[in-house]
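A.B. asks: First, the structure itself, so that you have it in front of you.
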Amino acid sequence: MRTWKFGDNIDTDAIIPGRYLVYNDPAVLASHAFEGTRNDFAKGVTPGDIIIGGRNFGCGSSREHAPLALAGAGIRYVVAASFARIFYRNAVNVGLLPLVCPESEAIPDGEECSVDLETRVITCRGRTYPFEPVPDFLLRIADAGGLIAFARNLERVETCTGSQQ
Amino acid sequence: MGATIVEKIFSSKCGQSVRAGEVVMAPVDGAMIHDITGPLAIQNFFEMGGKQVFDPEKIILLFDHQIPADSLAAAENHVFMREFARHQGIFNYDIREGICHQVVLEKGRAGPGEIIVGADSHTCMYGAAGAFATGIGSTDMGFVLKFGSLYFRVPETIQAEVSGTFPRRVGPKDLILSIAKDIGADGATYQAIEFTGETFSSMPMHGRMTCCNMAIEVGAKAGIVPPDEITYEYMRSRGRSYEVSIASDPDAQYAHRKRYDVTDLSPQVAIPHNVDLARDVTEVAGTRVDQVFIGSCTNGRFEDLAEAAEVMGNTQFDESTRVIIIPASRDEYLKALQAGLIERFVRAGALVEAPCCGPCMGGAFGLLAPGEVSLSTSNRNFRGRQGSVDASVYLCSPATAAASALYGEITDPRGV
C-alpha cells in the first residue's frame, strides 16, 4: 500500500475545496480530493493507500466531506504527527482510522508500507514507525464499524456515564 | 482543587463532578445544522435508524452558505432540509435570517451554562454568551439529532487573561489574531480557551463573538467568556432571562495561563496561508489587493460595519478594488440600513449583499482568480479558501479592511 505524503497544517479546504461541498457522495468527493494541493492524488490513489500528514492534519472546517473524500478513495489509515480535533472525530465516525505517529515526518512518500494495529507500528522497507494507541471509546465506535453502525443498535443512550480515558 | 468554567458546565449538566480528561455522554441544549453539513447529518440520522428527532425545539436549522441557491445541487439540498424540518416539526429559518452563528445568538438559542453543538467549526462563537459550544461533524450531528446527547472529552482550559484598553482603531479582531500568532494553529488542540481580564470584562458582545469565533483557529474545542452583566443584558435583549452565574474557581487548574496586554497592540494582518501568521499592519502595508470583503460570522455585525464606515468617512473606495460588504444577519442589516451605513457603502462603490457567508464559503460567489489577492475580515486564509489555490487571502479587522479599500492596498487604519 503506497503512501501519499503531505506537510503540516493540511486543512480541510486542501482536502476538499469548498466548491465541492454540495456533493455528499464519497465517490464524487474522492474524485476531487486534494484538488489544487496534489493533483496526482485523485487519479493515482488506489484502495488501501495510506495518507501521511505532519502536524495538525485536518485543521479548519467541520466538513465531514473531507474524511468522506478520503474514505471514498478507499483510504483506511491516515497517519499524522497530530490531528485537528474535529477531523479526528469525523475520521473515526466515517470509518477511517487516524493514527498519531510522532515520527510521521520520516515516513517517505510513495513508499510501500503496512500498518499493524496489534504491535502499533507502521513498517516501510523494514523500518518501523510506532503510533500511539487509539483511545478506548473511539475504538469501541471503530469496532462497531463507525458511529452509524454503533448508533443503529441503540434505542437510547445513558447520559453522563463517565469513563476515564 | 477548584474547577474551570468548562468543568462546571459539564458537571452541572451531568449532576455529578466531571473533570478535564473524562469522557462523558452529555445532553445538549441545542444543535445547529446548515445547508452544507445538514444534508449529511440528516442522512446519517436516518441511517442510524432515526425516526423522530430528540426534540424539535432544540434544533436550529437554516441556510446560509449557498443562498439564494447558487446551483441546482444547492437547491436540492435546501429542499431536502426543508422537507425534513416540516416532517419533524423543526422551525426553519430558511434563507431569511443570515449566518448561522449570528442567528443562534440573536435568537437567544445559546446562553450561559448551556452545551450547544453545531455542524460547523465556528460554533465555538457561542462562548461569547457563556455557553460551552463546539463544532462537530455530520455523523456526530446525526447521533445528536437522534439521541440529544453526544460523547465529549471534557477539555482542559487555557486561560487568556487580557488587560489594557485598545488604542484607536485597534480592536478584538487584532487581539484574536495576535493571540493566534502566540498560541499557534494547533496550540490549543482539544482544549478550551477562557477569555478573561479587564479587556474582556469591558468588551461588548460583538467583540466577544469575534474572539470566541476564532478559538477554533488555534485548534480549540471551545472559546468562552465567563458570563457577566454584559452577557445577561444581551440575553435579555434577546428575550431570554438567563441569570446563570458560572465562573472558574480561583484555584481552578489550567493547562496554561497566558497574559496579554492590548495597550500597545497594532492592527494585525494574517498573511497567507495560515491564520497564525499575524503581522503588524506596518509590515505588509502597500500590498495590492484586488478584493476587500467585510462581513462573515467573525466581523459582519453592525458595530463592525460602523467601524468600517467611520474609517471610510466620505471617501470613495478605490476603483480598481472590488469591495464586498455583507451584514451577518437580517437584524444587523436592518441596523446598518437604519443608521444609513448601507447607502454610504453603496455610494462609496461597494457591492452590498444580503446576509450570508459570502466569499468566506469559497464556493458561492466572490471567488478569486489565480494570482489575485483578497483582504478579508473573515476567519480563514487557507490556500484556496476563497477560490483559486493560486490566490492569496489576508485577514484583518473591519477598520483595516475599510482603510485598505480606500487605497487598493493594505493600509494602516491609524493613518487614515
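Every chain in the C-alpha cells has a letter given in the order shown (A, B, ...), and although residue numbers restart at 1 in each chain, ligands are simply numbered from 1 in the order shown.
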Tell me, counting only C-alpha atoms, for each residue of chain A within 8 Å of chain B, which pair of atoms is nearest and how far apart they are in Å to one decimal, in rows ordered by chain and increasing number, as JSON lines.
C.D. replies:
{"residue": "A:Asn9", "atom": "CA", "partner": "B:Ala185", "partner_atom": "CA", "distance": 7.7}
{"residue": "A:Asp11", "atom": "CA", "partner": "B:Phe382", "partner_atom": "CA", "distance": 7.2}
{"residue": "A:Asp13", "atom": "CA", "partner": "B:Arg385", "partner_atom": "CA", "distance": 6.1}
{"residue": "A:Ala14", "atom": "CA", "partner": "B:Arg383", "partner_atom": "CA", "distance": 7.1}
{"residue": "A:Pro17", "atom": "CA", "partner": "B:Gly384", "partner_atom": "CA", "distance": 7.0}
{"residue": "A:Gly18", "atom": "CA", "partner": "B:Gly363", "partner_atom": "CA", "distance": 5.3}
{"residue": "A:Arg19", "atom": "CA", "partner": "B:Gly363", "partner_atom": "CA", "distance": 4.1}
{"residue": "A:Tyr20", "atom": "CA", "partner": "B:Gly363", "partner_atom": "CA", "distance": 7.7}
{"residue": "A:Leu21", "atom": "CA", "partner": "B:Ile36", "partner_atom": "CA", "distance": 6.5}
{"residue": "A:Val22", "atom": "CA", "partner": "B:Ala74", "partner_atom": "CA", "distance": 5.9}
{"residue": "A:Tyr23", "atom": "CA", "partner": "B:Ala73", "partner_atom": "CA", "distance": 7.4}
{"residue": "A:Asn24", "atom": "CA", "partner": "B:Leu40", "partner_atom": "CA", "distance": 6.6}
{"residue": "A:Gly36", "atom": "CA", "partner": "B:Val389", "partner_atom": "CA", "distance": 5.9}
{"residue": "A:Thr37", "atom": "CA", "partner": "B:Val389", "partner_atom": "CA", "distance": 7.6}
{"residue": "A:Arg55", "atom": "CA", "partner": "B:Asp186", "partner_atom": "CA", "distance": 8.0}
{"residue": "A:Asn56", "atom": "CA", "partner": "B:Asp186", "partner_atom": "CA", "distance": 5.9}
{"residue": "A:Cys59", "atom": "CA", "partner": "B:Gly219", "partner_atom": "CA", "distance": 7.2}
{"residue": "A:Gly60", "atom": "CA", "partner": "B:Glu217", "partner_atom": "CA", "distance": 7.0}
{"residue": "A:Ser61", "atom": "CA", "partner": "B:Ser121", "partner_atom": "CA", "distance": 5.2}
{"residue": "A:Ser62", "atom": "CA", "partner": "B:Ser121", "partner_atom": "CA", "distance": 4.8}
{"residue": "A:Arg63", "atom": "CA", "partner": "B:Gly137", "partner_atom": "CA", "distance": 6.2}
{"residue": "A:Glu64", "atom": "CA", "partner": "B:Gly137", "partner_atom": "CA", "distance": 5.4}
{"residue": "A:Ala84", "atom": "CA", "partner": "B:Gly219", "partner_atom": "CA", "distance": 6.2}
{"residue": "A:Arg85", "atom": "CA", "partner": "B:Tyr190", "partner_atom": "CA", "distance": 5.9}
{"residue": "A:Ile86", "atom": "CA", "partner": "B:Ile136", "partner_atom": "CA", "distance": 6.1}
{"residue": "A:Phe87", "atom": "CA", "partner": "B:Gly137", "partner_atom": "CA", "distance": 7.9}
{"residue": "A:Arg89", "atom": "CA", "partner": "B:Gly137", "partner_atom": "CA", "distance": 7.7}
{"residue": "A:Asn90", "atom": "CA", "partner": "B:Gly137", "partner_atom": "CA", "distance": 5.6}
{"residue": "A:Asn93", "atom": "CA", "partner": "B:Thr139", "partner_atom": "CA", "distance": 6.2}
{"residue": "A:Val94", "atom": "CA", "partner": "B:Thr139", "partner_atom": "CA", "distance": 7.4}
{"residue": "A:Leu147", "atom": "CA", "partner": "B:Thr139", "partner_atom": "CA", "distance": 6.9}
{"residue": "A:Ile148", "atom": "CA", "partner": "B:Met48", "partner_atom": "CA", "distance": 5.1}
{"residue": "A:Ala149", "atom": "CA", "partner": "B:Met48", "partner_atom": "CA", "distance": 6.7}
{"residue": "A:Ala151", "atom": "CA", "partner": "B:Met48", "partner_atom": "CA", "distance": 5.5}
{"residue": "A:Arg152", "atom": "CA", "partner": "B:Met48", "partner_atom": "CA", "distance": 4.3}
{"residue": "A:Asn153", "atom": "CA", "partner": "B:Met48", "partner_atom": "CA", "distance": 8.0}
{"residue": "A:Arg156", "atom": "CA", "partner": "B:Phe147", "partner_atom": "CA", "distance": 6.3}
{"residue": "A:Val157", "atom": "CA", "partner": "B:Phe147", "partner_atom": "CA", "distance": 6.7}
{"residue": "A:Glu158", "atom": "CA", "partner": "B:Met25", "partner_atom": "CA", "distance": 7.3}
{"residue": "A:Thr159", "atom": "CA", "partner": "B:Met25", "partner_atom": "CA", "distance": 4.9}
{"residue": "A:Cys160", "atom": "CA", "partner": "B:Met25", "partner_atom": "CA", "distance": 4.9}
{"residue": "A:Thr161", "atom": "CA", "partner": "B:Val24", "partner_atom": "CA", "distance": 5.9}
{"residue": "A:Gly162", "atom": "CA", "partner": "B:Val24", "partner_atom": "CA", "distance": 4.5}
{"residue": "A:Ser163", "atom": "CA", "partner": "B:Val23", "partner_atom": "CA", "distance": 5.5}
{"residue": "A:Gln164", "atom": "CA", "partner": "B:Glu22", "partner_atom": "CA", "distance": 4.9}
{"residue": "A:Gln165", "atom": "CA", "partner": "B:Glu22", "partner_atom": "CA", "distance": 6.0}
A.B. asks: Taking 2 positions as the minimum chain separation for residues in the same chain, which residues sit within 8 Å of region 122-127 of chain A when counting only C-alpha atoms? Answer as a short mmCIF file (atom, residue, chain, number, x, y, z; two decimals) with C-alpha atoms, in the first residue's frame.
C.D. replies:
data_model
loop_
_atom_site.label_atom_id
_atom_site.label_comp_id
_atom_site.auth_asym_id
_atom_site.auth_seq_id
_atom_site.Cartn_x
_atom_site.Cartn_y
_atom_site.Cartn_z
CA ILE A 107 7.92 8.24 6.54
CA GLU A 111 6.60 4.05 -0.39
CA GLU A 112 5.08 0.62 0.15
CA CYS A 113 4.13 0.46 3.83
CA SER A 114 1.98 -1.66 6.10
CA VAL A 115 0.08 -0.91 9.31
CA ASP A 116 -0.04 -3.36 12.21
CA ARG A 120 1.09 -0.41 16.72
CA TYR A 129 7.42 3.88 12.94
CA PRO A 130 5.39 3.47 16.15
CA PHE A 131 1.99 5.11 16.58
#
A.B. asks: Within region 225-277 of chain B, find each residue whose DSSP state, derived from the backbone, is alpha helix (DSSP H), and express the selection as a list in words.
C.D. replies: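 Everything in region 225-277 of chain B that counts as alpha helix (DSSP H) is Glu229, Ile230, Thr231, Tyr232, Glu233, Tyr234, Met235, Arg236 and Ser237 of chain B.
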A.B. asks: Can you measure CA of Ser397 (chain B) to CA of Val269 (chain B) for me? One decimal in Å is fine.
C.D. replies: 7.9 Å
A.B. asks: For Ala110 (chain B), find every residue with an atom within 10 Å (counting only C-alpha atoms), except residues of its own chain fewer than 6 positions away, and show them as a PyMOL selection string.
C.D. replies: chain B and resi 29-31+101+103-104+116-117+126-133+235+240
A.B. asks: Please dump the current selection as an mmCIF file, in the first residue's frame; keep N, CA and C atoms.
C.D. replies:
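Wrote again-v2.cif, looks like this:
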data_model
loop_
_atom_site.group_PDB
_atom_site.id
_atom_site.type_symbol
_atom_site.label_atom_id
_atom_site.label_comp_id
_atom_site.auth_asym_id
_atom_site.auth_seq_id
_atom_site.Cartn_x
_atom_site.Cartn_y
_atom_site.Cartn_z
ATOM 1 N N ASP B 29 -28.108 21.238 24.881
ATOM 2 C CA ASP B 29 -29.236 22.167 24.981
ATOM 3 C C ASP B 29 -29.665 22.689 23.619
ATOM 4 N N GLY B 30 -28.821 22.494 22.638
ATOM 5 C CA GLY B 30 -29.160 22.971 21.300
ATOM 6 C C GLY B 30 -28.235 22.351 20.272
ATOM 7 N N ALA B 31 -28.747 22.233 19.048
ATOM 8 C CA ALA B 31 -27.948 21.662 17.951
ATOM 9 C C ALA B 31 -28.277 22.417 16.670
ATOM 10 N N HIS B 101 -24.231 31.317 12.975
ATOM 11 C CA HIS B 101 -23.741 31.611 14.326
ATOM 12 C C HIS B 101 -24.336 32.908 14.871
ATOM 13 N N VAL B 103 -27.211 34.102 13.988
ATOM 14 C CA VAL B 103 -28.641 33.859 14.196
ATOM 15 C C VAL B 103 -28.873 33.107 15.512
ATOM 16 N N VAL B 104 -28.051 32.108 15.797
ATOM 17 C CA VAL B 104 -28.207 31.347 17.051
ATOM 18 C C VAL B 104 -28.163 32.299 18.251
ATOM 19 N N ILE B 116 -23.987 23.593 23.626
ATOM 20 C CA ILE B 116 -24.567 23.687 22.289
ATOM 21 C C ILE B 116 -23.578 23.080 21.296
ATOM 22 N N VAL B 117 -24.093 22.281 20.374
ATOM 23 C CA VAL B 117 -23.239 21.771 19.302
ATOM 24 C C VAL B 117 -23.766 22.287 17.968
ATOM 25 N N TYR B 126 -20.461 30.765 20.273
ATOM 26 C CA TYR B 126 -21.497 30.955 21.301
ATOM 27 C C TYR B 126 -20.901 31.031 22.703
ATOM 28 N N GLY B 127 -19.616 30.778 22.811
ATOM 29 C CA GLY B 127 -18.931 31.004 24.084
ATOM 30 C C GLY B 127 -19.022 32.455 24.511
ATOM 31 N N ALA B 128 -19.288 33.342 23.544
ATOM 32 C CA ALA B 128 -19.482 34.762 23.867
ATOM 33 C C ALA B 128 -20.677 34.942 24.791
ATOM 34 N N ALA B 129 -21.640 34.010 24.724
ATOM 35 C CA ALA B 129 -22.819 34.081 25.591
ATOM 36 C C ALA B 129 -22.643 33.214 26.835
ATOM 37 N N GLY B 130 -21.424 32.741 27.068
ATOM 38 C CA GLY B 130 -21.168 31.929 28.264
ATOM 39 C C GLY B 130 -21.574 30.480 28.119
ATOM 40 N N ALA B 131 -21.785 30.041 26.880
ATOM 41 C CA ALA B 131 -22.131 28.637 26.630
ATOM 42 C C ALA B 131 -20.859 27.845 26.331
ATOM 43 N N PHE B 132 -20.908 26.531 26.571
ATOM 44 C CA PHE B 132 -19.878 25.665 26.024
ATOM 45 C C PHE B 132 -20.397 25.226 24.673
ATOM 46 N N ALA B 133 -19.752 25.669 23.617
ATOM 47 C CA ALA B 133 -20.258 25.394 22.272
ATOM 48 C C ALA B 133 -19.118 24.901 21.403
ATOM 49 N N MET B 235 -28.673 38.789 26.637
ATOM 50 C CA MET B 235 -29.675 37.726 26.644
ATOM 51 C C MET B 235 -31.078 38.319 26.856
ATOM 52 N N ARG B 240 -34.460 36.412 26.531
ATOM 53 C CA ARG B 240 -34.153 35.279 27.404
ATOM 54 C C ARG B 240 -33.589 35.804 28.722
#
A.B. asks: Mind checking which residues fall within 12 Å of Tyr242 (chain B), counting only C-alpha atoms, ignoring those fewer than 2 positions away in the same chain, and posting them as a list of chain:residue names?
C.D. replies: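 Here the qualifying residues turn out to be B:Gly108, B:Arg109, B:Ala110, B:Gly111, B:Pro112, B:Gly113, B:Glu114, B:Ala129, B:Gly130, B:Ala131, B:Pro227, B:Asp228, B:Glu229, B:Ile230, B:Thr231, B:Tyr232, B:Glu233, B:Tyr234, B:Met235, B:Arg236, B:Ser237, B:Arg238, B:Gly239, B:Arg240, B:Val244, B:Ser245, B:Ile246.
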A.B. asks: Please dump the current selection as an mmCIF file, in the first residue's frame; keep N, CA and C atoms.
C.D. replies:
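Generated output (result.cif):
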data_model
loop_
_atom_site.group_PDB
_atom_site.id
_atom_site.type_symbol
_atom_site.label_atom_id
_atom_site.label_comp_id
_atom_site.auth_asym_id
_atom_site.auth_seq_id
_atom_site.Cartn_x
_atom_site.Cartn_y
_atom_site.Cartn_z
ATOM 1 N N GLY B 108 -31.425 34.095 20.752
ATOM 2 C CA GLY B 108 -31.366 33.635 22.137
ATOM 3 C C GLY B 108 -31.322 32.126 22.261
ATOM 4 N N ARG B 109 -30.747 31.451 21.235
ATOM 5 C CA ARG B 109 -30.752 29.989 21.234
ATOM 6 C C ARG B 109 -29.508 29.390 21.901
ATOM 7 N N ALA B 110 -28.639 30.249 22.444
ATOM 8 C CA ALA B 110 -27.479 29.772 23.214
ATOM 9 C C ALA B 110 -27.301 30.717 24.387
ATOM 10 N N GLY B 111 -27.123 30.177 25.569
ATOM 11 C CA GLY B 111 -26.998 31.040 26.739
ATOM 12 C C GLY B 111 -26.037 30.476 27.777
ATOM 13 N N PRO B 112 -25.782 31.233 28.842
ATOM 14 C CA PRO B 112 -24.812 30.854 29.861
ATOM 15 C C PRO B 112 -25.048 29.452 30.429
ATOM 16 N N GLY B 113 -23.976 28.695 30.526
ATOM 17 C CA GLY B 113 -24.049 27.378 31.162
ATOM 18 C C GLY B 113 -24.591 26.275 30.287
ATOM 19 N N GLU B 114 -24.978 26.607 29.048
ATOM 20 C CA GLU B 114 -25.554 25.591 28.176
ATOM 21 C C GLU B 114 -24.470 24.870 27.364
ATOM 22 N N ALA B 129 -21.640 34.010 24.724
ATOM 23 C CA ALA B 129 -22.819 34.081 25.591
ATOM 24 C C ALA B 129 -22.643 33.214 26.835
ATOM 25 N N GLY B 130 -21.424 32.741 27.068
ATOM 26 C CA GLY B 130 -21.168 31.929 28.264
ATOM 27 C C GLY B 130 -21.574 30.480 28.119
ATOM 28 N N ALA B 131 -21.785 30.041 26.880
ATOM 29 C CA ALA B 131 -22.131 28.637 26.630
ATOM 30 C C ALA B 131 -20.859 27.845 26.331
ATOM 31 N N PRO B 227 -19.840 34.496 31.798
ATOM 32 C CA PRO B 227 -20.985 35.395 31.681
ATOM 33 C C PRO B 227 -20.990 36.457 32.782
ATOM 34 N N ASP B 228 -21.385 37.657 32.392
ATOM 35 C CA ASP B 228 -21.446 38.764 33.340
ATOM 36 C C ASP B 228 -22.635 39.645 32.963
ATOM 37 N N GLU B 229 -22.689 40.842 33.512
ATOM 38 C CA GLU B 229 -23.860 41.706 33.264
ATOM 39 C C GLU B 229 -24.019 42.022 31.770
ATOM 40 N N ILE B 230 -22.899 42.140 31.048
ATOM 41 C CA ILE B 230 -22.978 42.392 29.598
ATOM 42 C C ILE B 230 -23.670 41.224 28.901
ATOM 43 N N THR B 231 -23.321 40.004 29.329
ATOM 44 C CA THR B 231 -23.957 38.805 28.764
ATOM 45 C C THR B 231 -25.443 38.787 29.071
ATOM 46 N N TYR B 232 -25.774 39.018 30.372
ATOM 47 C CA TYR B 232 -27.177 38.935 30.790
ATOM 48 C C TYR B 232 -28.019 40.000 30.084
ATOM 49 N N GLU B 233 -27.432 41.187 29.929
ATOM 50 C CA GLU B 233 -28.145 42.264 29.252
ATOM 51 C C GLU B 233 -28.433 41.865 27.797
ATOM 52 N N TYR B 234 -27.425 41.253 27.160
ATOM 53 C CA TYR B 234 -27.617 40.804 25.774
ATOM 54 C C TYR B 234 -28.720 39.744 25.714
ATOM 55 N N MET B 235 -28.673 38.789 26.637
ATOM 56 C CA MET B 235 -29.675 37.726 26.644
ATOM 57 C C MET B 235 -31.078 38.319 26.856
ATOM 58 N N ARG B 236 -31.165 39.283 27.765
ATOM 59 C CA ARG B 236 -32.473 39.925 27.999
ATOM 60 C C ARG B 236 -32.966 40.605 26.730
ATOM 61 N N SER B 237 -32.041 41.248 26.006
ATOM 62 C CA SER B 237 -32.435 41.935 24.765
ATOM 63 C C SER B 237 -32.903 40.932 23.715
ATOM 64 N N ARG B 238 -32.550 39.662 23.926
ATOM 65 C CA ARG B 238 -32.964 38.612 23.006
ATOM 66 C C ARG B 238 -34.154 37.826 23.563
ATOM 67 N N GLY B 239 -34.751 38.371 24.626
ATOM 68 C CA GLY B 239 -35.950 37.762 25.173
ATOM 69 C C GLY B 239 -35.692 36.559 26.062
ATOM 70 N N ARG B 240 -34.460 36.412 26.531
ATOM 71 C CA ARG B 240 -34.153 35.279 27.404
ATOM 72 C C ARG B 240 -33.589 35.804 28.722
ATOM 73 N N VAL B 244 -27.682 32.810 34.978
ATOM 74 C CA VAL B 244 -26.833 31.741 35.494
ATOM 75 C C VAL B 244 -25.447 32.302 35.787
ATOM 76 N N SER B 245 -25.069 32.281 37.040
ATOM 77 C CA SER B 245 -23.742 32.757 37.408
ATOM 78 C C SER B 245 -22.796 31.564 37.434
ATOM 79 N N ILE B 246 -21.849 31.580 36.538
ATOM 80 C CA ILE B 246 -20.941 30.439 36.460
ATOM 81 C C ILE B 246 -19.562 30.950 36.065
#
A.B. asks: So what do you get for CA of Val292 (chain B) versus CA of Gln316 (chain B), distance-wise?
C.D. replies: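 Computing it gives 13.7 Å between the two atoms.
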A.B. asks: Of the candidates B:Ala85, B:Met32, B:Ile193, B:Cys212, which one gets nearest to Val144 (chain B) if we count only C-alpha atoms?
C.D. replies: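 Under the stated criterion, the closest residue is B:Met32.
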A.B. asks: I'd like the contact shell of Leu351 (chain B) - 8 Å cut-off, only C-alpha atoms, skipping same-chain residues fewer than 3 positions apart - returned as a PyMOL selection string.
C.D. replies: chain B and resi 322-325+345-346
A.B. asks: Produce a file of the selected residues containing N, CA and C atoms, as a PDB file, in the first residue's frame.
C.D. replies:
ATOM      1  N   ARG B 322     -12.417  45.596  -5.783  1.00  0.00           N
ATOM      2  CA  ARG B 322     -13.809  45.171  -5.590  1.00  0.00           C
ATOM      3  C   ARG B 322     -14.077  45.127  -4.086  1.00  0.00           C
ATOM      4  N   VAL B 323     -15.055  45.875  -3.638  1.00  0.00           N
ATOM      5  CA  VAL B 323     -15.380  45.905  -2.211  1.00  0.00           C
ATOM      6  C   VAL B 323     -16.735  45.232  -2.006  1.00  0.00           C
ATOM      7  N   ILE B 324     -16.734  44.130  -1.253  1.00  0.00           N
ATOM      8  CA  ILE B 324     -17.953  43.373  -0.990  1.00  0.00           C
ATOM      9  C   ILE B 324     -18.265  43.461   0.503  1.00  0.00           C
ATOM     10  N   ILE B 325     -19.447  43.949   0.820  1.00  0.00           N
ATOM     11  CA  ILE B 325     -19.837  44.104   2.228  1.00  0.00           C
ATOM     12  C   ILE B 325     -21.112  43.297   2.474  1.00  0.00           C
ATOM     13  N   PHE B 345     -22.141  52.916   1.982  1.00  0.00           N
ATOM     14  CA  PHE B 345     -21.271  51.906   1.356  1.00  0.00           C
ATOM     15  C   PHE B 345     -21.536  51.822  -0.145  1.00  0.00           C
ATOM     16  N   VAL B 346     -22.805  51.807  -0.493  1.00  0.00           N
ATOM     17  CA  VAL B 346     -23.153  51.674  -1.914  1.00  0.00           C
ATOM     18  C   VAL B 346     -22.659  52.902  -2.686  1.00  0.00           C
TER      19      VAL B 346
END
A.B. asks: Enter the distance from CA of Leu305 (chain B) to CA of Ala399 (chain B), in Å, rounded to one decimal.
C.D. replies: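 Spanning CA of Leu305 (chain B) to CA of Ala399 (chain B) is a straight-line distance of 8.9 Å.
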A.B. asks: Give one line per residue of region 93-207 of chain B that approaches region 400-406 of chain B to at most 10 Å, naming the two atoms of the closest pair and their distance in Å to one decimal, counting only C-alpha atoms; sort by chain then ascending residue number and deliver it as a Markdown table.
C.D. replies:
| residue | atom | partner | partner_atom | distance |
| --- | --- | --- | --- | --- |
| B:Arg169 | CA | B:Thr400 | CA | 8.2 |
| B:Val170 | CA | B:Thr400 | CA | 8.8 |
| B:Asp174 | CA | B:Thr400 | CA | 9.6 |
A.B. asks: Can you write out the residues you just picked, keeping C-alpha atoms, as a PDB file, in the first residue's frame?
C.D. replies:
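result_18.pdb, written as the output of this step:
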ATOM      1  CA  ARG B 169      -8.715  51.736  15.520  1.00  0.00           C
ATOM      2  CA  VAL B 170      -7.409  48.569  17.147  1.00  0.00           C
ATOM      3  CA  ASP B 174      -6.478  42.420  16.144  1.00  0.00           C
TER       4      ASP B 174
END
A.B. asks: Which one of A:Val92, A:Leu154, A:Ala142, A:Val78 sits closest to Gly53 (chain A) if you count only C-alpha atoms?
C.D. replies: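 Once distances to Gly53 (chain A) are computed over only C-alpha atoms, the minimum belongs to A:Val78.
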